[in-house]
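J.: structure-v1.tsv is reproduced below (TSV, C-alpha atoms).
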```tsv
chain	number	residue	atom	x	y	z
H	1	MET	CA	51.64	87.19	27.31
H	2	THR	CA	50.59	89.99	29.66
H	3	ILE	CA	53.36	91.09	31.99
H	4	MET	CA	53.79	93.54	34.84
H	5	ILE	CA	57.19	94.87	35.87
H	6	VAL	CA	58.01	95.40	39.55
H	7	GLU	CA	61.21	97.43	39.58
H	8	ASP	CA	62.07	100.71	41.29
H	9	GLU	CA	64.93	101.74	39.00
H	10	ALA	CA	63.20	103.76	36.27
H	11	ILE	CA	65.82	103.26	33.55
H	12	LEU	CA	65.87	99.49	34.08
H	13	SER	CA	62.09	99.21	34.11
H	14	LEU	CA	61.64	101.31	30.96
H	15	ASP	CA	64.37	99.39	29.14
H	16	LEU	CA	62.80	96.08	30.16
H	17	GLU	CA	59.35	97.32	29.16
H	18	GLN	CA	60.56	98.18	25.65
H	19	MET	CA	62.40	94.86	25.38
H	20	LEU	CA	59.18	92.98	26.24
H	21	ILE	CA	57.03	95.05	23.89
H	22	ASP	CA	59.54	94.49	21.07
H	23	SER	CA	59.17	90.75	21.72
H	24	GLY	CA	55.40	90.90	21.32
H	25	HIS	CA	54.33	90.95	24.97
H	26	ALA	CA	51.82	93.36	26.50
H	27	VAL	CA	53.14	95.24	29.54
H	28	VAL	CA	50.19	96.18	31.77
H	29	GLY	CA	52.22	98.49	34.00
H	30	ILE	CA	55.26	99.18	36.13
H	31	ALA	CA	55.27	99.22	39.94
H	32	ALA	CA	58.03	100.49	42.22
H	33	THR	CA	56.52	99.47	45.60
H	34	GLN	CA	54.69	96.53	47.12
H	35	LYS	CA	51.43	98.47	47.32
H	36	GLN	CA	51.62	99.49	43.65
H	37	ALA	CA	52.48	95.93	42.60
H	38	LEU	CA	49.57	94.31	44.43
H	39	LEU	CA	47.14	96.91	43.08
H	40	LEU	CA	48.45	96.44	39.54
H	41	ALA	CA	48.10	92.65	39.81
H	42	GLU	CA	44.60	92.92	41.27
H	43	THR	CA	43.50	95.35	38.57
H	44	HIS	CA	45.01	93.68	35.48
H	45	HIS	CA	45.61	90.00	36.42
H	46	PRO	CA	48.70	89.69	34.20
H	47	ASP	CA	50.04	86.27	33.24
H	48	LEU	CA	53.46	87.08	34.67
H	49	ALA	CA	55.12	89.53	37.06
H	50	LEU	CA	58.83	90.24	36.76
H	51	VAL	CA	59.82	91.22	40.30
H	52	ASP	CA	62.99	92.71	41.77
H	53	LEU	CA	63.73	91.88	45.42
H	54	GLN	CA	64.70	95.35	46.58
H	55	LEU	CA	62.14	98.05	45.83
H	56	SER	CA	61.74	101.67	46.88
H	57	ASP	CA	59.81	100.57	49.99
H	58	GLY	CA	62.45	98.02	51.02
H	59	PRO	CA	63.09	94.32	50.39
H	60	THR	CA	59.45	93.59	49.55
H	61	GLY	CA	59.83	91.50	46.38
H	62	ILE	CA	59.59	88.21	48.29
H	63	ALA	CA	56.37	89.31	50.02
H	64	ILE	CA	54.89	90.29	46.65
H	65	ALA	CA	55.73	86.89	45.16
H	66	ARG	CA	54.29	85.02	48.14
H	67	HIS	CA	51.07	87.04	47.99
H	68	LEU	CA	50.62	86.51	44.26
H	69	ALA	CA	51.42	82.78	44.55
H	70	THR	CA	48.76	82.26	47.22
H	71	HIS	CA	46.09	84.84	46.33
H	72	GLY	CA	46.42	85.69	42.69
H	73	ARG	CA	46.44	84.38	39.17
H	74	THR	CA	49.76	86.02	38.35
H	75	ASN	CA	52.93	83.92	38.06
H	76	VAL	CA	56.18	85.45	39.29
H	77	VAL	CA	59.75	85.41	38.05
H	78	PHE	CA	62.34	87.32	40.04
H	79	MET	CA	64.82	89.56	38.23
H	80	THR	CA	67.55	90.36	40.71
H	81	ALA	CA	71.27	90.65	41.29
H	82	ASN	CA	70.69	89.11	44.74
H	83	SER	CA	69.40	85.61	43.92
H	84	ALA	CA	71.25	84.21	46.95
H	85	MET	CA	68.72	86.10	49.10
H	86	LEU	CA	65.78	84.10	47.74
H	87	PRO	CA	64.18	81.57	50.09
H	88	GLU	CA	64.58	77.91	49.15
H	89	ASP	CA	60.98	77.74	47.89
H	90	PHE	CA	61.47	80.90	45.79
H	91	ALA	CA	58.38	82.29	47.60
H	92	GLY	CA	56.20	80.41	45.11
H	93	ALA	CA	57.87	82.02	42.09
H	94	ILE	CA	58.65	80.07	38.92
H	95	GLY	CA	62.28	81.08	38.98
H	96	VAL	CA	64.82	83.86	38.65
H	97	ILE	CA	66.62	85.74	35.90
H	98	SER	CA	69.84	87.14	37.33
H	99	LYS	CA	70.94	90.71	36.76
H	100	PRO	CA	72.72	91.95	34.84
H	101	TYR	CA	70.78	90.35	32.02
H	102	VAL	CA	71.09	90.60	28.25
H	103	THR	CA	68.29	91.01	25.73
H	104	SER	CA	68.83	87.59	24.17
H	105	GLY	CA	68.67	85.92	27.59
H	106	VAL	CA	65.46	87.72	28.55
H	107	ASN	CA	63.88	86.93	25.18
H	108	ALA	CA	64.77	83.23	25.50
H	109	ALA	CA	63.40	83.13	29.05
H	110	MET	CA	60.16	84.86	27.99
H	111	ALA	CA	59.59	82.39	25.12
H	112	PHE	CA	60.11	79.48	27.52
H	113	LEU	CA	57.92	81.06	30.20
H	114	GLN	CA	55.16	81.83	27.72
H	115	GLU	CA	54.89	78.11	26.99
H	116	GLY	CA	55.14	77.22	30.67
H	117	VAL	CA	52.56	79.75	31.83
H	118	LEU	CA	50.05	79.59	28.98
H	119	ARG	CA	50.47	75.99	27.73
H	120	PRO	CA	52.35	73.95	30.33
H	121	PRO	CA	54.64	72.18	30.30
H	122	PRO	CA	57.07	74.11	28.11
H	123	VAL	CA	58.41	72.32	25.04
H	124	LEU	CA	61.34	74.66	24.48
H	125	LYS	CA	64.62	73.87	26.20
H	126	LYS	CA	65.07	75.86	29.40
H	127	PRO	CA	67.43	78.75	28.66
H	128	ALA	CA	70.56	79.26	30.73
H	129	SER	CA	69.31	82.75	31.62
H	130	LEU	CA	66.48	81.30	33.76
H	131	GLU	CA	66.93	79.33	36.98
H	132	LEU	CA	63.76	77.40	37.84
H	133	SER	CA	62.56	76.82	41.39
H	134	LYS	CA	62.68	73.20	42.54
H	135	PHE	CA	58.88	73.07	42.46
H	136	TYR	CA	58.55	74.21	38.83
H	137	SER	CA	61.54	72.18	37.71
H	138	GLY	CA	59.88	69.05	39.11
H	139	ARG	CA	56.44	70.03	37.81
H	140	TRP	CA	57.54	70.78	34.26
H	141	PHE	CA	60.35	68.21	34.02
H	142	PRO	CA	59.46	65.30	36.32
H	143	PRO	CA	62.14	62.67	36.85
H	144	ALA	CA	61.82	59.70	34.51
H	145	GLY	CA	60.72	56.47	36.07
```
Would you kindly transcribe this structure into structure tokens?
T.:
Amino acid sequence: MTIMIVEDEAILSLDLEQMLIDSGHAVVGIAATQKQALLLAETHHPDLALVDLQLSDGPTGIAIARHLATHGRTNVVFMTANSAMLPEDFAGAIGVISKPYVTSGVNAAMAFLQEGVLRPPPVLKKPASLELSKFYSGRWFPPAG
């Protein structure tokens, strides 16, 4: 899966990049601002963007997700310690991985998301490390009946 990282903390973004590469994903780039993120998405059209809420240009993660959900081909998953700040609709994002995260949790979430993004719906069980938005939860796991 092709992934872009939207994170302004360099150590976190580089650690996450290596984690994703080690898991077989292709990281197309790292952005620290809204402008960089939108340009990166427009240039590379990654399958997934991992987006923090608070970036170096302010709390622009939600605006990035909303833009990509309505104008792009890139799915979004938030990675944040502030998940309570997400709007109810998750700004069109698939879900959120809460910080601090562990490698095994990120790897499990990426395997699940790879199925969900590239071959929906996912067959793997949703990992505890990933909270799905109501929209994607209903889309991928509709109520029986």
J.: Near Ser13 (chain H), within 12 Å and counting all atoms listed in the file, which residues show up once chain neighbours fewer than 2 positions away are dropped, as a ChimeraX atom specification?
T.: /H:4-11,15-20,27,29-32,50-52,55,79
J.: Counting only C-alpha atoms, figure out which residue out of H:Ile21, H:Ile62, H:Ala128, H:Leu48 gets nearest to Ile3 (chain H).
T.: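 When distances to Ile3 (chain H) are compared using only C-alpha atoms, the smallest one comes from H:Leu48.
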J.: So that I can check the surroundings of region 137-144 of chain H, please list as a PyMOL selection string every protein, DNA and RNA residue that reaches within 8 Å of it, counting all atoms listed in the file and ignoring chain neighbours fewer than 3 positions away.
T.: chain H and resi 116+120-122+132-134
J.: Just the residues within 12 Å of Val96 (chain H), please, counting all atoms listed in the file, with nothing from its chain fewer than 5 positions along; format it as a ChimeraX atom specification.
T.: /H:49-53,61-62,65,75-87,89-91,101,105-106,109-110,113,127-134,136
J.: Using only C-alpha atoms, which of H:Gln36, H:Gln114, H:Thr43, H:Thr103 sits nearest Asp22 (chain H)?
T.: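 The closest residue to Asp22 (chain H) is H:Thr103.
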J.: By how many Å are CA of Leu12 (chain H) and CA of Val102 (chain H) apart?
T.: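 CA of Val102 (chain H) lies at a distance of 11.8 Å from CA of Leu12 (chain H).
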J.: I'd like the neighbourhood of Lys125 (chain H) as a list in words, where a residue qualifies if any of its atoms comes within 10 Å (using all atoms listed in the file), though same-chain residues fewer than 5 positions away should be ignored.
T.: Ala108, Ala109, Ala111 and Phe112 of chain H
J.: Tell me, in Å to one decimal, how far CA of Thr33 (chain H) is from CA of Ser104 (chain H).
T.: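 That distance, rounded to one decimal, is 27.4 Å.
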J.: For the atom pair CA of Gln34 (chain H) and CA of Asp57 (chain H), what is the interatomic distance in Å to one decimal place?
T.: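 Between CA of Gln34 (chain H) and CA of Asp57 (chain H) the gap is 7.1 Å.
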J.: Nearest residue to Glu88 (chain H) out of H:Lys35, H:Leu124, H:Ile64, H:Phe135, using all atoms listed in the file?
T.: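 Selected residue with least distance to Glu88 (chain H): H:Phe135.
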J.: From the list H:Gly72, H:Ala26, H:Gln54, H:Pro59, which residue is nearest Leu39 (chain H) when using all atoms listed in the file?
T.: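 Of all the options, H:Gly72 lies closest to Leu39 (chain H).
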J.: Skip Glu42 (chain H) itself and residues of its chain fewer than 3 positions away, then list as a list in words all residues within 10 Å of it, counting all atoms listed in the file.
T.: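 Counting only the stated atoms, we get Gln36, Ala37, Leu38, Leu39, His45, Pro46, Leu68, His71, Gly72, Arg73 and Thr74 of chain H.
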J.: Write the selection just made, keeping C-alpha atoms, as a PDB file, in the coordinates of the input?
T.:
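The result, written out as out-v3.pdb:
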```pdb
ATOM      1  CA  GLN H  36      51.620  99.490  43.650  1.00  0.00           C
ATOM      2  CA  ALA H  37      52.480  95.930  42.600  1.00  0.00           C
ATOM      3  CA  LEU H  38      49.570  94.310  44.430  1.00  0.00           C
ATOM      4  CA  LEU H  39      47.140  96.910  43.080  1.00  0.00           C
ATOM      5  CA  HIS H  45      45.610  90.000  36.420  1.00  0.00           C
ATOM      6  CA  PRO H  46      48.700  89.690  34.200  1.00  0.00           C
ATOM      7  CA  LEU H  68      50.620  86.510  44.260  1.00  0.00           C
ATOM      8  CA  HIS H  71      46.090  84.840  46.330  1.00  0.00           C
ATOM      9  CA  GLY H  72      46.420  85.690  42.690  1.00  0.00           C
ATOM     10  CA  ARG H  73      46.440  84.380  39.170  1.00  0.00           C
ATOM     11  CA  THR H  74      49.760  86.020  38.350  1.00  0.00           C
TER      12      THR H  74
END
```
J.: Would you fill the gaps in region 14-50 of chain H so it has N, CA and C atoms, then print it as an mmCIF file, in the frame of the given file?
T.:
```
data_model
loop_
_atom_site.group_PDB
_atom_site.id
_atom_site.type_symbol
_atom_site.label_atom_id
_atom_site.label_comp_id
_atom_site.auth_asym_id
_atom_site.auth_seq_id
_atom_site.Cartn_x
_atom_site.Cartn_y
_atom_site.Cartn_z
ATOM 1 N N LEU H 14 62.019 100.841 32.299
ATOM 2 C CA LEU H 14 61.640 101.310 30.960
ATOM 3 C C LEU H 14 62.352 100.529 29.868
ATOM 4 N N ASP H 15 63.617 100.196 30.097
ATOM 5 C CA ASP H 15 64.370 99.390 29.140
ATOM 6 C C ASP H 15 63.753 97.991 29.020
ATOM 7 N N LEU H 16 63.421 97.397 30.159
ATOM 8 C CA LEU H 16 62.800 96.080 30.160
ATOM 9 C C LEU H 16 61.425 96.125 29.496
ATOM 10 N N GLU H 17 60.665 97.171 29.778
ATOM 11 C CA GLU H 17 59.350 97.320 29.160
ATOM 12 C C GLU H 17 59.466 97.333 27.633
ATOM 13 N N GLN H 18 60.401 98.106 27.109
ATOM 14 C CA GLN H 18 60.560 98.180 25.650
ATOM 15 C C GLN H 18 61.024 96.841 25.086
ATOM 16 N N MET H 19 61.922 96.171 25.804
ATOM 17 C CA MET H 19 62.400 94.860 25.380
ATOM 18 C C MET H 19 61.225 93.873 25.264
ATOM 19 N N LEU H 20 60.334 93.884 26.243
ATOM 20 C CA LEU H 20 59.180 92.980 26.240
ATOM 21 C C LEU H 20 58.192 93.329 25.138
ATOM 22 N N ILE H 21 57.934 94.609 24.953
ATOM 23 C CA ILE H 21 57.030 95.050 23.890
ATOM 24 C C ILE H 21 57.589 94.659 22.524
ATOM 25 N N ASP H 22 58.892 94.861 22.333
ATOM 26 C CA ASP H 22 59.540 94.490 21.070
ATOM 27 C C ASP H 22 59.444 92.994 20.799
ATOM 28 N N SER H 23 59.297 92.200 21.861
ATOM 29 C CA SER H 23 59.170 90.750 21.720
ATOM 30 C C SER H 23 57.725 90.292 21.599
ATOM 31 N N GLY H 24 56.795 91.246 21.544
ATOM 32 C CA GLY H 24 55.400 90.900 21.320
ATOM 33 C C GLY H 24 54.552 90.722 22.565
ATOM 34 N N HIS H 25 55.086 91.075 23.724
ATOM 35 C CA HIS H 25 54.330 90.950 24.970
ATOM 36 C C HIS H 25 53.610 92.264 25.277
ATOM 37 N N ALA H 26 52.561 92.178 26.072
ATOM 38 C CA ALA H 26 51.820 93.360 26.500
ATOM 39 C C ALA H 26 52.187 93.668 27.949
ATOM 40 N N VAL H 27 52.773 94.820 28.182
ATOM 41 C CA VAL H 27 53.140 95.240 29.540
ATOM 42 C C VAL H 27 51.969 96.039 30.099
ATOM 43 N N VAL H 28 51.382 95.529 31.196
ATOM 44 C CA VAL H 28 50.190 96.180 31.770
ATOM 45 C C VAL H 28 50.552 97.322 32.712
ATOM 46 N N GLY H 29 51.813 97.401 33.127
ATOM 47 C CA GLY H 29 52.220 98.490 34.000
ATOM 48 C C GLY H 29 53.527 98.204 34.706
ATOM 49 N N ILE H 30 54.023 99.248 35.367
ATOM 50 C CA ILE H 30 55.260 99.180 36.130
ATOM 51 C C ILE H 30 54.955 99.633 37.552
ATOM 52 N N ALA H 31 55.449 98.876 38.528
ATOM 53 C CA ALA H 31 55.270 99.220 39.940
ATOM 54 C C ALA H 31 56.644 99.340 40.594
ATOM 55 N N ALA H 32 56.773 100.286 41.519
ATOM 56 C CA ALA H 32 58.030 100.490 42.220
ATOM 57 C C ALA H 32 57.943 100.137 43.701
ATOM 58 N N THR H 33 56.729 99.815 44.187
ATOM 59 C CA THR H 33 56.520 99.470 45.600
ATOM 60 C C THR H 33 55.611 98.246 45.695
ATOM 61 N N GLN H 34 55.569 97.666 46.875
ATOM 62 C CA GLN H 34 54.690 96.530 47.120
ATOM 63 C C GLN H 34 53.227 96.912 46.907
ATOM 64 N N LYS H 35 52.822 98.036 47.446
ATOM 65 C CA LYS H 35 51.430 98.470 47.320
ATOM 66 C C LYS H 35 51.041 98.643 45.852
ATOM 67 N N GLN H 36 51.899 99.305 45.079
ATOM 68 C CA GLN H 36 51.620 99.490 43.650
ATOM 69 C C GLN H 36 51.544 98.151 42.926
ATOM 70 N N ALA H 37 52.445 97.232 43.270
ATOM 71 C CA ALA H 37 52.480 95.930 42.600
ATOM 72 C C ALA H 37 51.215 95.125 42.863
ATOM 73 N N LEU H 38 50.768 95.089 44.106
ATOM 74 C CA LEU H 38 49.570 94.310 44.430
ATOM 75 C C LEU H 38 48.328 94.922 43.790
ATOM 76 N N LEU H 39 48.259 96.247 43.738
ATOM 77 C CA LEU H 39 47.140 96.910 43.080
ATOM 78 C C LEU H 39 47.149 96.643 41.569
ATOM 79 N N LEU H 40 48.316 96.701 40.972
ATOM 80 C CA LEU H 40 48.450 96.440 39.540
ATOM 81 C C LEU H 40 48.035 95.001 39.210
ATOM 82 N N ALA H 41 48.468 94.052 40.029
ATOM 83 C CA ALA H 41 48.100 92.650 39.810
ATOM 84 C C ALA H 41 46.604 92.441 39.980
ATOM 85 N N GLU H 42 46.038 93.058 41.000
ATOM 86 C CA GLU H 42 44.600 92.920 41.270
ATOM 87 C C GLU H 42 43.757 93.553 40.167
ATOM 88 N N THR H 43 44.240 94.633 39.601
ATOM 89 C CA THR H 43 43.500 95.350 38.570
ATOM 90 C C THR H 43 43.583 94.672 37.204
ATOM 91 N N HIS H 44 44.780 94.180 36.847
ATOM 92 C CA HIS H 44 45.010 93.680 35.480
ATOM 93 C C HIS H 44 45.145 92.166 35.364
ATOM 94 N N HIS H 45 45.422 91.456 36.443
ATOM 95 C CA HIS H 45 45.610 90.000 36.420
ATOM 96 C C HIS H 45 46.550 89.554 35.305
ATOM 97 N N PRO H 46 47.777 90.088 35.270
ATOM 98 C CA PRO H 46 48.700 89.690 34.200
ATOM 99 C C PRO H 46 49.093 88.217 34.333
ATOM 100 N N ASP H 47 49.564 87.656 33.227
ATOM 101 C CA ASP H 47 50.040 86.270 33.240
ATOM 102 C C ASP H 47 51.303 86.135 34.066
ATOM 103 N N LEU H 48 52.147 87.162 34.047
ATOM 104 C CA LEU H 48 53.460 87.080 34.670
ATOM 105 C C LEU H 48 53.853 88.418 35.282
ATOM 106 N N ALA H 49 54.517 88.349 36.434
ATOM 107 C CA ALA H 49 55.120 89.530 37.060
ATOM 108 C C ALA H 49 56.623 89.300 37.127
ATOM 109 N N LEU H 50 57.378 90.257 36.639
ATOM 110 C CA LEU H 50 58.830 90.240 36.760
ATOM 111 C C LEU H 50 59.176 91.132 37.935
#
```
